[in-house]
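Just upload.txt here, compact mmCIF, C-alpha atoms and all ligand atoms:
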```
# COMPACT_ATOMS: atom_id res chain seq x y z
CA MET A 29 11.72 -5.57 -23.77
CA VAL A 30 13.52 -8.92 -23.61
CA ALA A 31 12.14 -11.38 -21.04
CA ARG A 32 14.62 -13.27 -18.87
CA HIS A 33 14.42 -16.51 -16.94
CA ILE A 34 15.38 -17.42 -13.37
CA LYS A 35 15.31 -21.03 -12.16
CA GLU A 36 13.87 -21.30 -8.65
CA THR A 37 17.06 -23.03 -7.49
CA GLU A 38 19.06 -20.04 -8.70
CA LEU A 39 16.92 -17.35 -7.08
CA ALA A 40 19.16 -17.02 -3.99
CA ALA A 41 22.24 -16.67 -6.23
CA VAL A 42 20.51 -13.97 -8.28
CA ALA A 43 19.52 -12.15 -5.07
CA ALA A 44 23.13 -12.46 -3.86
CA ALA A 45 24.35 -10.85 -7.09
CA TRP A 46 21.87 -7.99 -6.64
CA ALA A 47 22.99 -7.66 -3.00
CA ARG A 48 26.44 -6.59 -4.21
CA SER A 49 24.89 -3.31 -5.41
CA TYR A 50 21.76 -2.98 -3.27
CA ARG A 51 20.43 -3.58 0.19
CA VAL A 52 18.09 -6.41 -0.80
CA LEU A 53 14.94 -6.88 1.26
CA ALA A 54 13.59 -10.38 0.71
CA PRO A 55 10.58 -12.18 2.18
CA VAL A 56 11.27 -15.04 4.59
CA ARG A 57 9.04 -17.21 6.75
CA GLU A 58 9.02 -16.41 10.44
CA GLY A 59 6.48 -18.67 12.15
CA ALA A 60 3.19 -18.17 10.36
CA ALA A 61 4.26 -14.78 8.99
CA ILE A 62 6.21 -13.89 5.87
CA VAL A 63 8.26 -10.78 6.55
CA TYR A 64 10.90 -8.78 4.71
CA ARG A 65 14.44 -9.11 6.02
CA VAL A 66 17.75 -7.82 4.71
CA PHE A 67 19.06 -10.57 2.43
CA SER A 68 22.10 -12.57 3.48
CA GLU A 69 23.73 -15.49 1.67
CA ASP A 70 22.29 -18.09 4.08
CA MET A 71 18.75 -16.87 3.49
CA HIS A 72 16.15 -18.57 1.28
CA PRO A 73 13.70 -15.97 -0.05
CA PHE A 74 10.16 -17.32 0.07
CA LEU A 75 8.03 -16.17 -2.86
CA GLY A 76 5.27 -18.77 -2.52
CA ARG A 77 2.72 -16.53 -0.79
CA PRO A 78 2.20 -12.77 -0.48
CA PRO A 79 4.26 -11.29 2.36
CA THR A 80 2.35 -10.54 5.56
CA SER A 81 3.70 -7.00 5.71
CA SER A 82 3.44 -4.64 2.78
CA ALA A 83 6.35 -3.26 0.80
CA LYS A 84 5.67 0.32 1.88
CA GLU A 85 8.27 0.01 4.64
CA ALA A 86 10.95 0.26 1.92
CA LEU A 87 9.68 3.73 1.01
CA LEU A 88 8.15 4.91 4.25
CA PRO A 89 10.00 3.18 7.09
CA GLN A 90 8.08 2.48 10.30
CA THR A 91 10.42 4.91 12.04
CA GLU A 92 13.02 7.10 10.40
CA ASN A 93 15.38 9.81 11.37
CA LEU A 94 14.53 13.07 9.59
CA PHE A 95 17.46 15.01 11.03
CA THR A 96 19.53 15.45 14.19
CA TYR A 97 20.00 18.74 16.02
CA LYS A 98 22.15 20.40 18.66
CA TYR A 99 21.52 23.54 20.70
CA ARG A 100 24.13 25.91 22.06
CA LYS A 101 23.31 28.70 24.47
CA ASP A 102 25.13 31.97 23.98
CA GLN A 103 26.79 32.34 27.38
CA ALA A 104 27.07 36.12 26.95
CA ASP A 105 23.35 36.44 26.17
CA LEU A 106 21.27 33.55 27.53
CA THR A 107 18.20 34.67 25.59
CA ARG A 108 20.00 33.55 22.43
CA THR A 109 20.21 29.91 21.32
CA GLU A 110 22.01 28.59 18.28
CA VAL A 111 20.57 25.47 16.64
CA PHE A 112 22.63 23.20 14.37
CA LEU A 113 20.85 20.76 12.10
CA SER A 114 22.33 17.69 10.38
CA GLU A 115 20.29 16.11 7.65
CA ALA A 116 19.67 12.37 7.72
CA LEU A 117 22.01 10.27 5.61
CA PRO A 118 20.65 9.54 2.12
CA PRO A 119 18.91 6.16 1.95
CA GLU A 120 20.89 3.14 0.74
CA PRO A 121 20.10 1.87 -2.74
CA THR A 122 17.48 -0.77 -1.95
CA LEU A 123 15.88 -3.56 -3.92
CA ILE A 124 12.75 -5.12 -2.53
CA LEU A 125 12.14 -8.64 -3.79
CA GLY A 126 8.76 -10.26 -3.61
CA PRO A 127 6.07 -7.58 -3.39
CA ARG A 128 2.87 -8.60 -5.14
CA PRO A 129 1.29 -6.43 -7.86
CA CYS A 130 -1.09 -4.98 -5.24
CA ASP A 131 1.94 -3.79 -3.24
CA ALA A 132 3.66 -2.31 -6.26
CA ARG A 133 0.48 -0.48 -7.12
CA GLY A 134 0.66 0.86 -3.57
CA ARG A 135 3.97 2.52 -4.49
CA HIS A 136 2.22 4.34 -7.31
CA LEU A 137 -0.48 5.48 -4.86
CA LEU A 138 2.04 6.64 -2.25
CA ASP A 139 3.65 8.73 -5.00
CA ARG A 140 0.34 10.55 -5.36
CA VAL A 141 0.45 11.53 -1.69
CA PHE A 142 4.12 12.35 -1.24
CA LEU A 143 5.17 13.62 -4.68
CA GLU A 144 2.14 14.84 -6.58
CA ARG A 145 0.15 17.14 -4.31
CA GLY A 146 2.21 20.24 -4.93
CA VAL A 147 4.41 19.63 -1.88
CA VAL A 148 7.17 17.10 -2.41
CA ASP A 149 8.22 15.10 0.65
CA PRO A 150 12.04 15.06 0.39
CA GLN A 151 12.55 11.95 2.51
CA TYR A 152 10.03 9.92 0.56
CA LYS A 153 11.45 11.22 -2.71
CA ALA A 154 14.92 10.05 -1.70
CA HIS A 155 13.66 6.58 -0.75
CA ARG A 156 11.65 6.39 -3.95
CA ALA A 157 14.66 7.24 -6.12
CA ALA A 158 16.82 4.70 -4.27
CA THR A 159 14.39 1.77 -4.38
CA LEU A 160 13.66 -0.87 -7.00
CA PHE A 161 10.62 -3.15 -6.85
CA VAL A 162 11.10 -6.69 -8.17
CA SER A 163 7.55 -7.95 -7.79
CA VAL A 164 6.01 -11.39 -8.21
CA ALA A 165 2.83 -11.92 -10.24
CA CYS A 166 0.12 -13.98 -8.57
CA THR A 167 -1.17 -17.20 -10.06
CA SER A 168 -4.31 -17.43 -7.93
CA LEU A 169 -6.41 -15.21 -5.70
CA GLN A 170 -6.66 -15.79 -1.97
CA ASN A 171 -10.17 -15.47 -0.57
CA THR A 172 -9.29 -12.04 0.82
CA CYS A 173 -7.89 -10.66 -2.47
CA PHE A 174 -9.91 -8.19 -4.53
CA CYS A 175 -7.32 -6.42 -6.68
CA HIS A 176 -9.68 -6.88 -9.65
CA TRP A 177 -12.18 -4.53 -7.95
CA THR A 178 -9.72 -1.66 -7.72
CA GLY A 179 -8.08 -1.51 -11.14
CA GLY A 180 -5.26 -3.98 -10.49
CA GLY A 181 -4.84 -7.64 -11.27
CA MET A 182 -2.68 -10.68 -10.69
CA ASP A 183 -0.07 -9.54 -13.21
CA ASP A 184 -0.61 -5.76 -13.10
CA GLU A 185 2.74 -4.07 -13.76
CA THR A 186 1.90 -0.68 -12.17
CA GLY A 187 4.62 0.38 -9.74
CA SER A 188 7.03 -2.52 -10.45
CA ASP A 189 10.48 -2.25 -12.01
CA VAL A 190 10.59 -5.96 -12.78
CA LEU A 191 7.69 -8.40 -12.64
CA LEU A 192 8.54 -12.08 -12.05
CA HIS A 193 5.98 -14.50 -13.45
CA PRO A 194 6.15 -17.87 -11.66
CA LEU A 195 6.27 -20.70 -14.21
CA ASN A 196 7.35 -24.35 -14.09
CA GLY A 197 9.79 -24.18 -11.18
CA GLY A 198 11.16 -20.77 -12.04
CA PHE A 199 10.27 -17.25 -13.05
CA VAL A 200 9.95 -15.34 -16.28
CA ALA A 201 11.39 -11.90 -15.47
CA LYS A 202 9.90 -9.01 -17.42
CA ALA A 203 11.35 -5.52 -17.08
CA VAL A 204 8.79 -2.74 -16.63
CA THR A 205 11.12 0.25 -16.29
CA PRO A 206 14.55 1.03 -17.77
CA ALA A 207 16.07 0.51 -14.28
CA GLY A 208 14.44 -2.91 -14.19
CA GLU A 209 15.75 -3.74 -17.65
CA LYS A 210 19.28 -2.91 -16.54
CA LEU A 211 18.88 -5.01 -13.41
CA ILE A 212 18.01 -8.21 -15.26
CA ALA A 213 20.13 -7.64 -18.40
CA GLU A 214 22.69 -10.31 -17.45
CA LEU A 215 20.14 -13.07 -16.79
CA PRO A 216 19.54 -15.73 -19.47
CA GLU A 217 16.81 -14.97 -21.98
CA ALA A 218 13.51 -16.83 -21.62
CA THR A 219 13.04 -19.27 -24.47
CA ALA A 220 10.19 -18.94 -26.96
CA GLN A 221 8.72 -22.15 -25.50
CA THR A 222 8.76 -20.70 -21.96
CA LEU A 223 7.06 -17.53 -23.16
CA ALA A 224 4.43 -19.56 -25.01
CA SER A 225 3.74 -21.52 -21.79
CA LEU A 226 3.34 -18.26 -19.90
CA ASP A 227 0.86 -16.97 -22.50
CA GLU A 228 -1.08 -20.22 -22.25
CA ARG A 229 -1.25 -19.95 -18.47
CA LYS A 230 -2.45 -16.35 -18.68
CA ALA A 231 -5.12 -17.29 -21.21
CA ALA A 232 -6.27 -20.14 -18.95
CA ALA A 233 -6.59 -17.67 -16.06
CA GLN A 234 -9.24 -15.81 -18.09
CA THR A 235 -11.45 -18.85 -18.66
CA PRO A 236 -14.76 -18.79 -16.76
CA ASP A 237 -13.73 -21.50 -14.28
CA GLN A 238 -10.54 -19.64 -13.28
CA ALA A 239 -11.38 -15.96 -13.78
CA PRO A 240 -12.14 -13.97 -10.63
CA GLU A 241 -15.79 -13.60 -9.65
CA GLN A 242 -17.58 -10.66 -11.17
CA THR A 243 -16.45 -7.24 -10.00
CA PRO A 244 -19.09 -5.00 -8.43
CA ASP A 245 -19.68 -1.78 -10.31
CA LEU A 246 -17.83 0.85 -8.27
CA LYS A 247 -18.27 3.81 -10.60
CA ASP A 248 -20.75 5.43 -8.16
CA ILE A 249 -18.94 4.53 -4.95
CA ALA A 250 -17.62 8.05 -4.23
CA GLY A 251 -21.10 9.58 -4.61
CA SER A 252 -22.64 6.71 -2.64
CA PHE A 253 -20.18 7.28 0.17
CA LEU A 254 -21.15 10.95 0.32
CA ALA A 255 -24.84 9.97 0.34
CA VAL A 256 -24.34 7.88 3.50
CA PHE A 257 -21.65 10.09 5.04
CA ALA A 258 -23.96 11.72 7.60
CA ASP A 259 -25.74 8.49 8.55
CA LEU A 260 -23.88 7.87 11.78
CA ASP A 261 -26.14 4.91 12.69
CA PHE A 262 -24.87 3.17 9.54
CA TRP A 263 -21.23 3.81 10.47
CA THR A 264 -21.83 2.83 14.09
CA ASP A 265 -23.16 -0.54 12.88
CA GLN A 266 -20.23 -0.98 10.51
CA SER A 267 -17.67 -0.22 13.22
CA ALA A 268 -19.38 -2.02 16.11
CA ARG A 269 -16.72 -4.73 16.30
CA CYS A 270 -13.68 -2.53 15.62
CA LEU A 271 -11.10 -2.46 18.42
CA SER A 272 -9.19 0.58 17.05
CA CYS A 273 -6.04 -1.58 17.01
CA GLY A 274 -4.81 -0.03 13.74
CA VAL A 275 -3.48 -3.28 12.26
CA CYS A 276 -5.48 -2.64 9.10
CA THR A 277 -3.62 0.61 8.47
CA TYR A 278 -0.14 -0.53 9.51
CA LEU A 279 -0.24 -3.43 7.03
CA CYS A 280 -1.93 -1.48 4.26
CA PRO A 281 0.37 -0.70 1.29
CA THR A 282 -1.29 2.69 0.77
CA CYS A 283 -1.99 4.05 4.26
CA SER A 284 0.38 6.93 4.87
CA CYS A 285 -0.51 8.57 8.21
CA PHE A 286 2.53 9.48 10.27
CA ASN A 287 3.51 11.39 13.38
CA ILE A 288 6.57 13.54 14.04
CA THR A 289 8.31 13.45 17.42
CA ASP A 290 11.54 14.79 18.87
CA GLU A 291 13.82 12.67 21.03
CA ASN A 292 15.90 14.98 23.21
CA GLN A 293 19.03 14.12 25.12
CA GLY A 294 20.31 17.19 26.90
CA MET A 295 21.24 19.78 24.29
CA SER A 296 20.90 17.47 21.30
CA GLY A 297 18.37 15.15 19.79
CA ARG A 298 16.75 13.82 16.67
CA ARG A 299 13.47 14.31 14.89
CA LEU A 300 11.68 11.11 13.96
CA ARG A 301 8.87 10.26 11.60
CA THR A 302 6.83 7.22 12.70
CA TRP A 303 3.82 5.47 11.22
CA ASP A 304 0.56 6.49 12.85
CA THR A 305 -2.98 5.33 12.30
CA CYS A 306 -6.19 7.23 11.68
CA MET A 307 -7.99 4.34 13.42
CA SER A 308 -6.63 5.52 16.77
CA ALA A 309 -8.61 8.06 18.83
CA LEU A 310 -5.34 9.82 19.64
CA TYR A 311 -4.62 10.55 15.99
CA THR A 312 -7.03 13.49 15.81
CA LEU A 313 -7.21 14.39 19.50
CA GLU A 314 -6.67 18.13 19.72
CA GLY A 315 -4.86 19.97 22.52
CA SER A 316 -8.21 21.41 23.66
CA GLY A 317 -9.53 17.91 24.32
CA HIS A 318 -11.88 18.07 21.32
CA ASN A 319 -11.66 15.16 18.91
CA PRO A 320 -13.24 15.62 15.46
CA ARG A 321 -13.15 11.83 15.00
CA GLY A 322 -13.99 10.86 18.52
CA SER A 323 -15.81 7.58 17.83
CA ARG A 324 -14.89 4.38 15.99
CA ALA A 325 -17.73 5.18 13.60
CA HIS A 326 -16.07 8.46 12.61
CA ARG A 327 -12.70 6.81 12.23
CA LEU A 328 -13.83 3.84 10.15
CA ARG A 329 -15.84 6.23 7.98
CA ASN A 330 -12.70 8.24 7.41
CA ARG A 331 -10.61 5.19 6.45
CA VAL A 332 -13.15 3.89 3.97
CA GLY A 333 -13.90 7.37 2.67
CA HIS A 334 -10.27 8.13 2.09
CA LYS A 335 -9.81 5.00 -0.01
CA PHE A 336 -13.02 5.05 -2.01
CA CYS A 337 -14.15 8.69 -2.11
CA TYR A 338 -11.60 11.37 -1.23
CA HIS A 339 -8.71 9.86 -3.19
CA PRO A 340 -10.72 9.09 -6.35
CA ARG A 341 -12.22 12.57 -6.25
CA GLU A 342 -8.81 14.20 -5.89
CA PHE A 343 -7.00 12.13 -8.48
CA SER A 344 -9.73 11.19 -10.95
CA GLU A 345 -8.18 13.32 -13.70
CA ALA A 346 -4.83 11.57 -13.38
CA ALA A 347 -6.32 8.06 -13.20
CA THR A 348 -5.11 5.63 -15.85
CA GLU A 349 -7.64 2.89 -15.06
CA PRO A 350 -10.16 2.12 -17.81
CA SER A 351 -12.94 2.99 -15.32
CA GLY A 352 -11.44 6.47 -14.95
CA LEU A 353 -11.35 5.90 -11.19
CA GLU A 354 -8.29 5.44 -9.05
CA PHE A 355 -8.88 4.15 -5.52
CA SER A 356 -6.33 4.36 -2.76
CA CYS A 357 -6.98 0.71 -2.02
CA THR A 358 -5.24 -1.94 -4.07
CA GLY A 359 -7.44 -4.81 -2.94
CA CYS A 360 -4.53 -6.62 -1.28
CA GLY A 361 -6.86 -7.91 1.42
CA ARG A 362 -4.34 -7.55 4.25
CA CYS A 363 -6.74 -5.49 6.35
CA ILE A 364 -9.32 -8.27 6.01
CA LYS A 365 -6.90 -11.08 6.72
CA SER A 366 -5.32 -9.41 9.74
CA CYS A 367 -8.27 -7.73 11.42
CA PRO A 368 -8.75 -9.53 14.74
CA VAL A 369 -12.54 -9.06 14.57
CA ALA A 370 -13.08 -9.73 10.84
CA VAL A 371 -14.02 -6.25 9.66
CA ASP A 372 -14.18 -6.67 5.87
CA ILE A 373 -13.73 -3.50 3.78
CA ARG A 374 -15.30 -5.23 0.76
CA GLN A 375 -18.54 -5.74 2.68
CA ILE A 376 -18.50 -2.14 3.87
CA VAL A 377 -18.15 -0.92 0.26
CA LEU A 378 -21.06 -3.14 -0.83
CA ASP A 379 -23.15 -1.96 2.14
CA VAL A 380 -22.40 1.68 1.24
CA LEU A 381 -23.67 1.07 -2.30
CA ASP A 382 -26.81 -0.66 -0.99
CA LYS A 383 -27.52 2.00 1.60
CA ALA A 384 -27.09 4.80 -0.93
CA ARG A 385 -29.51 3.05 -3.32
CA GLU A 386 -31.98 2.63 -0.46
CA LYS A 387 -31.72 6.34 0.41
CA ALA A 388 -32.10 7.35 -3.25
CA ALA A 389 -35.25 5.18 -3.51
CA GLU A 390 -36.66 6.73 -0.32
CA THR A 391 -36.00 10.25 -1.64
CA ALA A 392 -37.60 9.42 -5.00
CA GLY A 393 -40.60 7.92 -3.18
CA ALA A 394 -41.00 10.98 -0.98
CA LYS A 395 -40.83 13.29 -4.02
CA GLY A 396 -43.45 11.16 -5.74
CA GLU A 397 -45.75 11.50 -2.73
CA GLU A 398 -45.26 15.28 -2.68
CA ALA A 399 -46.10 15.54 -6.38
CA LYS A 400 -49.46 13.77 -5.91
S1 LIG B 501 -7.80 -4.14 12.14
FE1 LIG B 501 -9.99 -4.36 12.51
S2 LIG B 501 -10.24 -4.01 14.71
FE2 LIG B 501 -8.19 -3.21 14.16
S3 LIG B 501 -8.60 -1.02 13.70
FE3 LIG B 501 -8.73 -2.12 11.75
S4 LIG B 501 -10.95 -2.54 11.51
FE4 LIG B 501 -10.59 -2.03 13.70
S1 LIG B 502 -7.51 -0.96 2.48
FE1 LIG B 502 -7.12 -3.14 2.93
S2 LIG B 502 -7.37 -4.17 0.95
FE2 LIG B 502 -7.15 -1.98 0.51
S3 LIG B 502 -4.96 -1.71 0.11
FE3 LIG B 502 -5.28 -1.28 2.31
S4 LIG B 502 -4.91 -3.25 3.36
FE4 LIG B 502 -5.16 -3.68 1.16
```
Please lay out the structure from this file as structure tokens.
Amino acid sequence: MVARHIKETELAAVAAAWARSYRVLAPVREGAAIVYRVFSEDMHPFLGRPPTSSAKEALLPQTENLFTYKYRKDQADLTRTEVFLSEALPPEPTLILGPRPCDARGRHLLDRVFLERGVVDPQYKAHRAATLFVSVACTSLQNTCFCHWTGGGMDDETGSDVLLHPLNGGFVAKAVTPAGEKLIAELPEATAQTLASLDERKAAAQTPDQAPEQTPDLKDIAGSFLAVFADLDFWTDQSARCLSCGVCTYLCPTCSCFNITDENQGMSGRRLRTWDTCMSALYTLEGSGHNPRGSRAHRLRNRVGHKFCYHPREFSEAATEPSGLEFSCTGCGRCIKSCPVAVDIRQIVLDVLDKAREKAAETAGAKGEEAK
């Protein structure tokens, strides 16, 4: 596919042109945060750092109307009630500008949950069909990034429609999907010299002084997780600092827990879907008062297990990663950066591997003793 070029000074004009056909969500600085806002002509999209919030809100809004309803009592027979439903309006065509490759990979992972488990979520499907991702490749890793652990990378194209590669005061725009190709078709072509500079920069990123630190071997992580699953002392230690605030899940590009509530006003109302978090005790609290994940240890175990054990086990056959493993973590590092008490999922994963090795050694030692 032909690569295009956007000068940084022309980015707002390009976004304005896209905004004629799409609701464009673009990242802007608000205090210390970088958040997505609906693009307007006086806005200056900021693509210099990864947005604070993830791009999942374009596909799975924090709160959305699923449908509205009205009741009508049959006055001749008050045991009978008629219910009228109105479906939510279809989502607006939306273009999200500025997700990083880890966010775009999150879109691919949300597809697994909402489209590929045998039950298709109609609301998600509609958002998915209406949304384009124009992502921005990274040129360096922040100290919380670990996309290279989880099958991604600074210029991974998974889940993007267009990937913008920052270069010399502008961007080389590469289409990933046919929709992306159409979107950038009118932009000027990148010159051969620009493309050569991009190749040089990518090659430099692989040299030992710039390449990311070595990736831990995660091929046994799912089995290791299961080996330490029942060790509640381990999980109690890991979760000792956790406040159950849920920030880690709200900002995560792949977390997909939600709750459904009805808002009634007299004889009418609406049904809403709202983000929820498995890190909250209320998430699994049953009507009987029993809570199968009643402690922070249980809840943190579930979050880590979902990302590094349950998802890879469920989707290992479909995985496209060379390792044959697909995690439901993209290594974006938001949960690490935003956790108020510095819980670091990377350290938990490494501790799980260590603990499982320790347990395996103990078991082997015990068997050796028995055999004597
Ligand atoms: S952000 Fe940190 S403190 Fe809050 S729920 Fe997640 S791990 Fe716990
Ligand atoms: S678990 Fe943390 S690092 Fe992994 S995708 Fe979610 S927020 Fe990013």
Site check for ligand LIG 502 (chain B): residues at most 6 Å away, only C-alpha atoms and all ligand atoms, as an mmCIF file with C-alpha atoms, keeping the file's coordinate frame:
```
data_model
loop_
_atom_site.group_PDB
_atom_site.id
_atom_site.type_symbol
_atom_site.label_atom_id
_atom_site.label_comp_id
_atom_site.auth_asym_id
_atom_site.auth_seq_id
_atom_site.Cartn_x
_atom_site.Cartn_y
_atom_site.Cartn_z
ATOM 1 C CA CYS A 276 -5.480 -2.640 9.100
ATOM 2 C CA LEU A 279 -0.240 -3.430 7.030
ATOM 3 C CA CYS A 280 -1.930 -1.480 4.260
ATOM 4 C CA PRO A 281 0.370 -0.700 1.290
ATOM 5 C CA THR A 282 -1.290 2.690 0.770
ATOM 6 C CA CYS A 357 -6.980 0.710 -2.020
ATOM 7 C CA THR A 358 -5.240 -1.940 -4.070
ATOM 8 C CA GLY A 359 -7.440 -4.810 -2.940
ATOM 9 C CA CYS A 360 -4.530 -6.620 -1.280
ATOM 10 C CA GLY A 361 -6.860 -7.910 1.420
ATOM 11 C CA ARG A 362 -4.340 -7.550 4.250
ATOM 12 C CA CYS A 363 -6.740 -5.490 6.350
#
```
Original post:
In terms of the shortest atom-to-atom distance over all atoms listed in the file, which of A:Ala60, A:Leu271, A:Leu378, A:Cys285 is closest to ligand LIG 501 (chain B)?
Top reply: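 Selected residue with least distance to ligand LIG 501 (chain B): A:Leu271.
Omitting region 328-331 of chain A and its sequence neighbours fewer than 5 positions away, and counting only C-alpha atoms, the residues within 7 Å are Trp263, Ser267 and Met307 of chain A.
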Original post:
Looking at A:Ala86, A:Leu313, A:Leu192, A:Leu260, which one is nearest to Ala158 (chain A), with distances taken over all atoms listed in the file?
Top reply: A:Ala86
Hey, which residues come within 10 Å of ligand LIG 501 (chain B) if we count only C-alpha atoms and all ligand atoms? Could you give them as a compact mmCIF listing (two decimals) with C-alpha atoms, keeping the file's coordinate frame?
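Final output, saved to selection.txt:
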```txt
# COMPACT_ATOMS: atom_id res chain seq x y z
CA GLN A 266 -20.23 -0.98 10.51
CA SER A 267 -17.67 -0.22 13.22
CA ALA A 268 -19.38 -2.02 16.11
CA ARG A 269 -16.72 -4.73 16.30
CA CYS A 270 -13.68 -2.53 15.62
CA LEU A 271 -11.10 -2.46 18.42
CA SER A 272 -9.19 0.58 17.05
CA CYS A 273 -6.04 -1.58 17.01
CA GLY A 274 -4.81 -0.03 13.74
CA VAL A 275 -3.48 -3.28 12.26
CA CYS A 276 -5.48 -2.64 9.10
CA THR A 277 -3.62 0.61 8.47
CA TYR A 278 -0.14 -0.53 9.51
CA LEU A 279 -0.24 -3.43 7.03
CA THR A 305 -2.98 5.33 12.30
CA CYS A 306 -6.19 7.23 11.68
CA MET A 307 -7.99 4.34 13.42
CA SER A 308 -6.63 5.52 16.77
CA ARG A 324 -14.89 4.38 15.99
CA ARG A 327 -12.70 6.81 12.23
CA LEU A 328 -13.83 3.84 10.15
CA ARG A 331 -10.61 5.19 6.45
CA ARG A 362 -4.34 -7.55 4.25
CA CYS A 363 -6.74 -5.49 6.35
CA ILE A 364 -9.32 -8.27 6.01
CA LYS A 365 -6.90 -11.08 6.72
CA SER A 366 -5.32 -9.41 9.74
CA CYS A 367 -8.27 -7.73 11.42
CA PRO A 368 -8.75 -9.53 14.74
CA VAL A 369 -12.54 -9.06 14.57
CA ALA A 370 -13.08 -9.73 10.84
CA VAL A 371 -14.02 -6.25 9.66
CA ASP A 372 -14.18 -6.67 5.87
CA ILE A 373 -13.73 -3.50 3.78
```
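What separates CA of Thr37 (chain A) from CA of Ala201 (chain A) is a distance of 14.8 Å.
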Original post:
Which is closest to Ser225 (chain A) among A:Val63, A:Leu75, A:Leu195, A:Val141, if we use all atoms listed in the file?
Top reply: A:Leu195
Subject >> Using only C-alpha atoms: which of A:Pro127, A:Arg298, A:Leu310, A:Asn171 has the shortest distance to Ser114 (chain A) >> reply: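 Answer, going by the shortest atom-to-atom distance: A:Arg298.
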**OP:** For Thr219 (chain A), work out the shell of residues within 9 Å, counting all atoms listed in the file and skipping chain neighbours fewer than 2 positions away, then give it as a list in words.
**Re:**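 Counting only the stated atoms, we get Ala31, Arg32, His33, Pro216, Glu217, Gln221, Thr222, Leu223 and Ala224 of chain A.
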Subject >> Nearby residues (only C-alpha atoms) at most 9 Å from Val111 (chain A), same-chain spacing under 3 positions excluded, as a ChimeraX atom specification >> reply: /A:97-101
**OP:** For CA of Pro118 (chain A) and CA of Arg51 (chain A), determine how far apart the two atoms are, in Å to one decimal place.
**Re:** 13.3 Å
**OP:** Name the closest residue to Pro150 (chain A) among the candidates A:Leu381, A:Ser82, A:Pro119, A:Arg133; distances are taken between atoms, counting all atoms listed in the file.
**Re:** A:Pro119
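For the choices A:Cys337, A:Val66, A:Val256, A:Val332, the atom-to-atom distance to Glu386 (chain A) is smallest for A:Val256 when using all atoms listed in the file.
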What would the list of residues within 8 Å of (-13.6, 2.0, -1.3) (file frame) look like as a PDB file with C-alpha atoms, in the coordinates of the input, if only C-alpha atoms are what count?
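Okay, this is what ended up in result_25.pdb:
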```pdb
ATOM      1  CA  ILE A 249     -18.940   4.530  -4.950  1.00  0.00           C
ATOM      2  CA  ALA A 250     -17.620   8.050  -4.230  1.00  0.00           C
ATOM      3  CA  VAL A 332     -13.150   3.890   3.970  1.00  0.00           C
ATOM      4  CA  GLY A 333     -13.900   7.370   2.670  1.00  0.00           C
ATOM      5  CA  HIS A 334     -10.270   8.130   2.090  1.00  0.00           C
ATOM      6  CA  LYS A 335      -9.810   5.000  -0.010  1.00  0.00           C
ATOM      7  CA  PHE A 336     -13.020   5.050  -2.010  1.00  0.00           C
ATOM      8  CA  CYS A 337     -14.150   8.690  -2.110  1.00  0.00           C
ATOM      9  CA  PHE A 355      -8.880   4.150  -5.520  1.00  0.00           C
ATOM     10  CA  SER A 356      -6.330   4.360  -2.760  1.00  0.00           C
ATOM     11  CA  CYS A 357      -6.980   0.710  -2.020  1.00  0.00           C
ATOM     12  CA  ILE A 373     -13.730  -3.500   3.780  1.00  0.00           C
ATOM     13  CA  ARG A 374     -15.300  -5.230   0.760  1.00  0.00           C
ATOM     14  CA  VAL A 377     -18.150  -0.920   0.260  1.00  0.00           C
TER      15      VAL A 377
END
```
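In this model, the gap between CA of Ala220 (chain A) and CA of Phe161 (chain A) comes to 25.6 Å.
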Subject >> Spatial neighbours of Asp290 (chain A), max dist 10 Å, all atoms listed in the file, sep filter under 2 positions, as a list in words >> reply: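 Near Asp290 (chain A), the qualifying residues are Asn93, Leu94, Phe95, Thr96, Tyr97, Ile288, Asn292, Gln293, Gly297, Arg298, Arg299, Leu300 and Arg301 of chain A.
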